[in-house]
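Asker: Here you go, one structure.
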Amino acid sequence: MIPYGKQEIIQADIDAVVDVLHSDFLTQGPQVPAFEEALKKVTGAQYALAVNSATSALHIACLALELSEGDILWTTPITFVASANCGLYCGAKVDFVDIDPATYNLCPKALEQKLIVAKAQLALPKVLVAVHLCGQPCDMKAIHALSTEYGFKIIEDASHAIGGRYLDKPIGLCEYSDITVFSFHPVKIVTTAEGGAALTNDPQLADKMSLYRSHGITRDERLMENAPHGGWYYEQVDLGFNYRMTELQGALGVSQMQRLEQFVSARHRLASRYNEKLSNFPITLPYQLPNTYSGLHLYVIRLQLSLISKTHKEVFDELRAAGIGVNVHYIPVHLQPYYARMGFEAGDYPNAESYYSSAISLPMFHGMTDVQQDEVVSTLARILDSSL
Ligand SMILES: *Cc1c(COP(=O)(O)O)cnc(C)c1O
């Protein structure tokens, strides 16, 4: 099976992890701060906090923005469930904004319309999670302009987008957001096995996230309520969690970050090859927003079902049966049973649902060979041709 995504681990990555095993620190040592430095260097953000997953990063980001009961978080229905669940962790309500049919990202026009209605109902969101689906940046300028007008905070869920650029600035710079989150799960662009990070330029948000990452405990006198009792002293000033990243993961991250540009440009090379070879297929190819450079976590095609005599499911199943590890990103979050129980139902977000009815993620990963890619193309050709 040609997988849809796969990590690239080289000897240098293995050596970096083994070195940590031989060192004094398996956790809370120098590697995680070094990884955070690498993230700051690549993005230009002032603060980076590495944690054990993007899910944890989203949680502490929401807490730092003081999202709580009675508040509302909005995001896109076309994302991994974690982008929405972080609101529920904080006791907030979650609601969705439909996607733009071209970019598949949260649509700024739909956002504005929903904000107008919400304002009249005194039910404006406190936090918006903008997801850069497939690595394609959201229209952040438009979203940011609405945030100043309507007074909500912005978290960029850039789990797909490290190494990408928006208006020629790195994703993660947080120029148009309060906090940006990355994921380092093995299918993503850079991996630490499990792992995530939250980046910001706001020192207060950074302090808060650092507390929430580790039990609400601090050894930083600035953040203490009392004078230290002595050299042993720490204070728990809030209720936090253990969301720390290990040194093994930090070292893997440092090693992987050295190849970030290579990872993203390899994905771009594969995507251009797909674009070329698939141009005459009865499918819609990925659209790229002008002035953006995608991290290209995913290469999503959409079947033009009116030109094909097979269903979405049939094409998907036939690809899988032929050893092509296709996937679908994502099942609209509002249709998940847990969310449906809150009252969401089919028809709520027509663009998201229409996207879902025809989207297929083709295999694309660093280290995918041209031969493998050609096999994906010829298999798809066979499956679609036979039905034309
Ligand atoms: C992968 C992913 C997450 C969660 O990442 P973890 O590191 O696995 O917790 C969140 N949001 C999006 C958009 C993702 O793709």
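Chain labels follow the order of the structure tokens: the first chain is A, the next B, and so on; residue numbering restarts at 1 in every chain, and ligands are counted from 1 in their shown order.
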Hey, what's within 7 Å of stretch 287-304 of chain A if we count only C-alpha atoms and toss same-chain stuff fewer than 5 positions away? As a VMD selection string, please?
Answerer: chain A and resid 102 to 103 134 to 137 160 to 168 188 to 189 264 267 to 268 271 282 358 to 362 364
Asker: Could you dump the residues just selected with N, CA and C atoms as a compact mmCIF listing (two decimals), in the first residue's frame?
Answerer:
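selection_25.txt written:
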# COMPACT_ATOMS: atom_id res chain seq x y z
N ALA A 102 -13.63 27.18 -3.00
CA ALA A 102 -12.39 27.09 -3.78
C ALA A 102 -11.20 26.69 -2.92
N THR A 103 -11.06 27.32 -1.76
CA THR A 103 -9.88 27.04 -0.91
C THR A 103 -10.13 25.94 0.10
N CYS A 134 -4.76 21.59 4.46
CA CYS A 134 -3.79 21.07 3.49
C CYS A 134 -2.48 21.87 3.52
N GLY A 135 -2.41 22.90 4.35
CA GLY A 135 -1.23 23.77 4.37
C GLY A 135 -1.50 25.09 3.69
N GLN A 136 -2.64 25.19 3.03
CA GLN A 136 -3.01 26.44 2.36
C GLN A 136 -3.45 27.49 3.39
N PRO A 137 -2.76 28.62 3.46
CA PRO A 137 -3.14 29.61 4.48
C PRO A 137 -4.55 30.14 4.27
N HIS A 160 -1.14 21.76 9.53
CA HIS A 160 -0.79 21.31 8.17
C HIS A 160 0.21 22.25 7.50
N ALA A 161 0.64 23.28 8.20
CA ALA A 161 1.17 24.42 7.43
C ALA A 161 2.56 24.90 7.82
N ILE A 162 3.29 24.15 8.65
CA ILE A 162 4.64 24.64 8.98
C ILE A 162 5.48 24.68 7.69
N GLY A 163 6.25 25.73 7.55
CA GLY A 163 7.07 25.88 6.35
C GLY A 163 6.35 26.64 5.24
N GLY A 164 5.07 26.93 5.46
CA GLY A 164 4.31 27.70 4.47
C GLY A 164 4.46 29.19 4.70
N ARG A 165 3.95 29.98 3.75
CA ARG A 165 4.06 31.43 3.86
C ARG A 165 2.73 32.09 3.49
N TYR A 166 2.45 33.21 4.17
CA TYR A 166 1.27 34.01 3.86
C TYR A 166 1.75 35.43 3.62
N LEU A 167 1.42 36.00 2.46
CA LEU A 167 1.92 37.33 2.06
C LEU A 167 3.43 37.42 2.28
N ASP A 168 4.10 36.35 1.91
CA ASP A 168 5.55 36.25 1.98
C ASP A 168 6.14 36.28 3.39
N LYS A 188 2.30 14.51 9.63
CA LYS A 188 2.43 15.94 9.33
C LYS A 188 3.79 16.21 8.68
N ILE A 189 4.13 17.47 8.51
CA ILE A 189 5.30 17.82 7.70
C ILE A 189 6.61 17.52 8.43
N VAL A 264 9.22 20.65 2.59
CA VAL A 264 8.14 21.38 1.92
C VAL A 264 8.40 21.44 0.42
N ARG A 267 7.42 18.28 -1.26
CA ARG A 267 5.96 18.21 -1.42
C ARG A 267 5.51 19.06 -2.60
N HIS A 268 6.14 20.23 -2.76
CA HIS A 268 5.78 21.09 -3.90
C HIS A 268 6.13 20.43 -5.23
N ALA A 271 3.50 17.86 -5.82
CA ALA A 271 2.21 18.48 -6.14
C ALA A 271 2.20 19.00 -7.57
N PRO A 282 -11.29 13.97 -14.80
CA PRO A 282 -12.57 14.59 -14.38
C PRO A 282 -12.56 14.89 -12.87
N SER A 358 -17.01 14.63 -2.23
CA SER A 358 -16.20 14.31 -3.41
C SER A 358 -14.70 14.41 -3.19
N ALA A 359 -14.26 14.70 -1.96
CA ALA A 359 -12.82 14.92 -1.71
C ALA A 359 -12.08 13.60 -1.48
N ILE A 360 -10.89 13.52 -2.04
CA ILE A 360 -9.99 12.39 -1.79
C ILE A 360 -8.56 12.94 -1.65
N SER A 361 -7.88 12.55 -0.57
CA SER A 361 -6.47 12.94 -0.39
C SER A 361 -5.60 11.87 -1.04
N LEU A 362 -4.82 12.28 -2.03
CA LEU A 362 -3.91 11.35 -2.69
C LEU A 362 -2.62 11.22 -1.87
N MET A 364 0.94 11.62 -0.63
CA MET A 364 2.00 12.59 -0.88
C MET A 364 2.84 12.71 0.39
Asker: Identify, counting only C-alpha atoms and all ligand atoms, the protein, DNA and RNA residues located within 10 Å of ligand 1, and give them as a PyMOL selection string.
Answerer: chain A and resi 51-59+76+78-86+129-135+156-161+181-188+191-197+297-298+329-330
Asker: Tell me which protein, DNA and RNA residues are within 12 Å of A:Glu375, counting only C-alpha atoms, leaving out same-chain ones fewer than 5 positions away, and put them as a PyMOL selection string.
Answerer: chain A and resi 1-2+274+277+319+322-325+362-363+368-370+380-382
Asker: In terms of the shortest atom-to-atom distance over only C-alpha atoms, which of A:Leu211, A:Ala251, A:Ala352, A:Leu124 is closest to A:Val97?
Answerer: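 Among the listed residues, the smallest separation from A:Val97 belongs to A:Ala352.
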Asker: As a ChimeraX atom specification, please: all residues of stretch 110-332 of chain A that backbone DSSP puts in strand (DSSP E or B).
Answerer: /A:127-131,153-157,165-166,169-170,179-183,196-200,214,217-218,235-236,242,244,246,283-284,292-293,299-303,324,327
Asker: Select, from A:Asn280, A:Thr379, A:Gln373, A:Gln28, the residue with the minimum atom-to-atom distance to A:Val315, counting only C-alpha atoms.
Answerer: A:Thr379
Asker: Any idea what's packed within 10 Å of A:Gln258, counting only C-alpha atoms, ignoring anything in its chain fewer than 5 positions away? Could you give it as an mmCIF file with N, CA and C atoms, in the first residue's frame?
Answerer:
data_model
loop_
_atom_site.group_PDB
_atom_site.id
_atom_site.type_symbol
_atom_site.label_atom_id
_atom_site.label_comp_id
_atom_site.auth_asym_id
_atom_site.auth_seq_id
_atom_site.Cartn_x
_atom_site.Cartn_y
_atom_site.Cartn_z
ATOM 1 N N ALA A 38 14.393 26.668 17.402
ATOM 2 C CA ALA A 38 14.301 26.385 15.960
ATOM 3 C C ALA A 38 12.950 26.844 15.413
ATOM 4 N N VAL A 42 12.446 29.832 12.527
ATOM 5 C CA VAL A 42 11.778 29.596 11.249
ATOM 6 C C VAL A 42 10.548 30.493 11.062
ATOM 7 N N VAL A 190 6.652 17.882 9.707
ATOM 8 C CA VAL A 190 7.820 17.630 10.568
ATOM 9 C C VAL A 190 7.307 16.779 11.721
ATOM 10 N N GLY A 253 12.829 16.660 16.978
ATOM 11 C CA GLY A 253 12.315 17.882 16.358
ATOM 12 C C GLY A 253 13.429 18.784 15.860
ATOM 13 N N PHE A 263 11.643 19.339 3.146
ATOM 14 C CA PHE A 263 10.364 18.625 3.262
ATOM 15 C C PHE A 263 9.295 19.331 2.431
#
Asker: Env of A:Lys109: 9 Å cut, atoms = only C-alpha atoms, seq-sep filter 5 positions within chain, self excluded. Answer as JSON, numbers by chain.
Answerer: {"A": [100, 114, 142]}
Asker: Could you write out, as a PyMOL selection string, all the residues of stretch 169-305 of chain A that DSSP marks as helix (DSSP H, G or I)?
Answerer: chain A and resi 203-213+221-223+247-257+260-277+305
Asker: Next, dump the selected residues to file, keeping only C-alpha atoms, as a CSV table (one decimal), in the first residue's frame.
Answerer:
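Saved to out.csv:
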chain,number,residue,atom,x,y,z
A,203,PRO,CA,4.6,37.6,26.6
A,204,GLN,CA,1.5,37.3,28.9
A,205,LEU,CA,0.0,34.6,26.7
A,206,ALA,CA,3.4,32.8,26.6
A,207,ASP,CA,3.6,32.9,30.4
A,208,LYS,CA,0.1,31.5,30.8
A,209,MET,CA,0.6,28.8,28.3
A,210,SER,CA,3.8,27.8,30.0
A,211,LEU,CA,1.9,27.5,33.3
A,212,TYR,CA,-0.9,25.4,31.7
A,213,ARG,CA,1.7,23.1,30.1
A,221,GLU,CA,9.4,34.8,40.7
A,222,ARG,CA,7.6,37.3,38.4
A,223,LEU,CA,4.6,34.9,38.4
A,247,GLU,CA,13.7,15.4,25.4
A,248,LEU,CA,13.7,12.5,23.0
A,249,GLN,CA,11.0,14.3,21.0
A,250,GLY,CA,12.7,17.6,21.3
A,251,ALA,CA,15.9,16.2,19.9
A,252,LEU,CA,14.0,14.6,17.0
A,253,GLY,CA,12.3,17.9,16.4
A,254,VAL,CA,15.6,19.8,16.3
A,255,SER,CA,17.0,17.3,13.8
A,256,GLN,CA,13.9,17.3,11.6
A,257,MET,CA,13.6,21.1,11.6
A,260,LEU,CA,12.0,21.7,6.9
A,261,GLU,CA,12.6,23.5,3.6
A,262,GLN,CA,13.5,20.2,1.9
A,263,PHE,CA,10.4,18.6,3.3
A,264,VAL,CA,8.1,21.4,1.9
A,265,SER,CA,9.9,21.7,-1.4
A,266,ALA,CA,9.7,18.0,-2.0
A,267,ARG,CA,6.0,18.2,-1.4
A,268,HIS,CA,5.8,21.1,-3.9
A,269,ARG,CA,7.6,19.1,-6.5
A,270,LEU,CA,5.2,16.2,-6.1
A,271,ALA,CA,2.2,18.5,-6.1
A,272,SER,CA,3.3,20.1,-9.4
A,273,ARG,CA,3.8,16.6,-10.9
A,274,TYR,CA,0.3,15.7,-9.8
A,275,ASN,CA,-1.1,19.0,-11.2
A,276,GLU,CA,0.5,18.3,-14.6
A,277,LYS,CA,-0.4,14.6,-14.8
A,305,LEU,CA,-19.1,13.3,-9.9
Asker: Which of these residues is nearest to A:Leu239, using only C-alpha atoms: A:Ala50, A:Leu63, A:Lys141, A:Gln113?
Answerer: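 For A:Leu239, the nearest of the given residues is A:Leu63.
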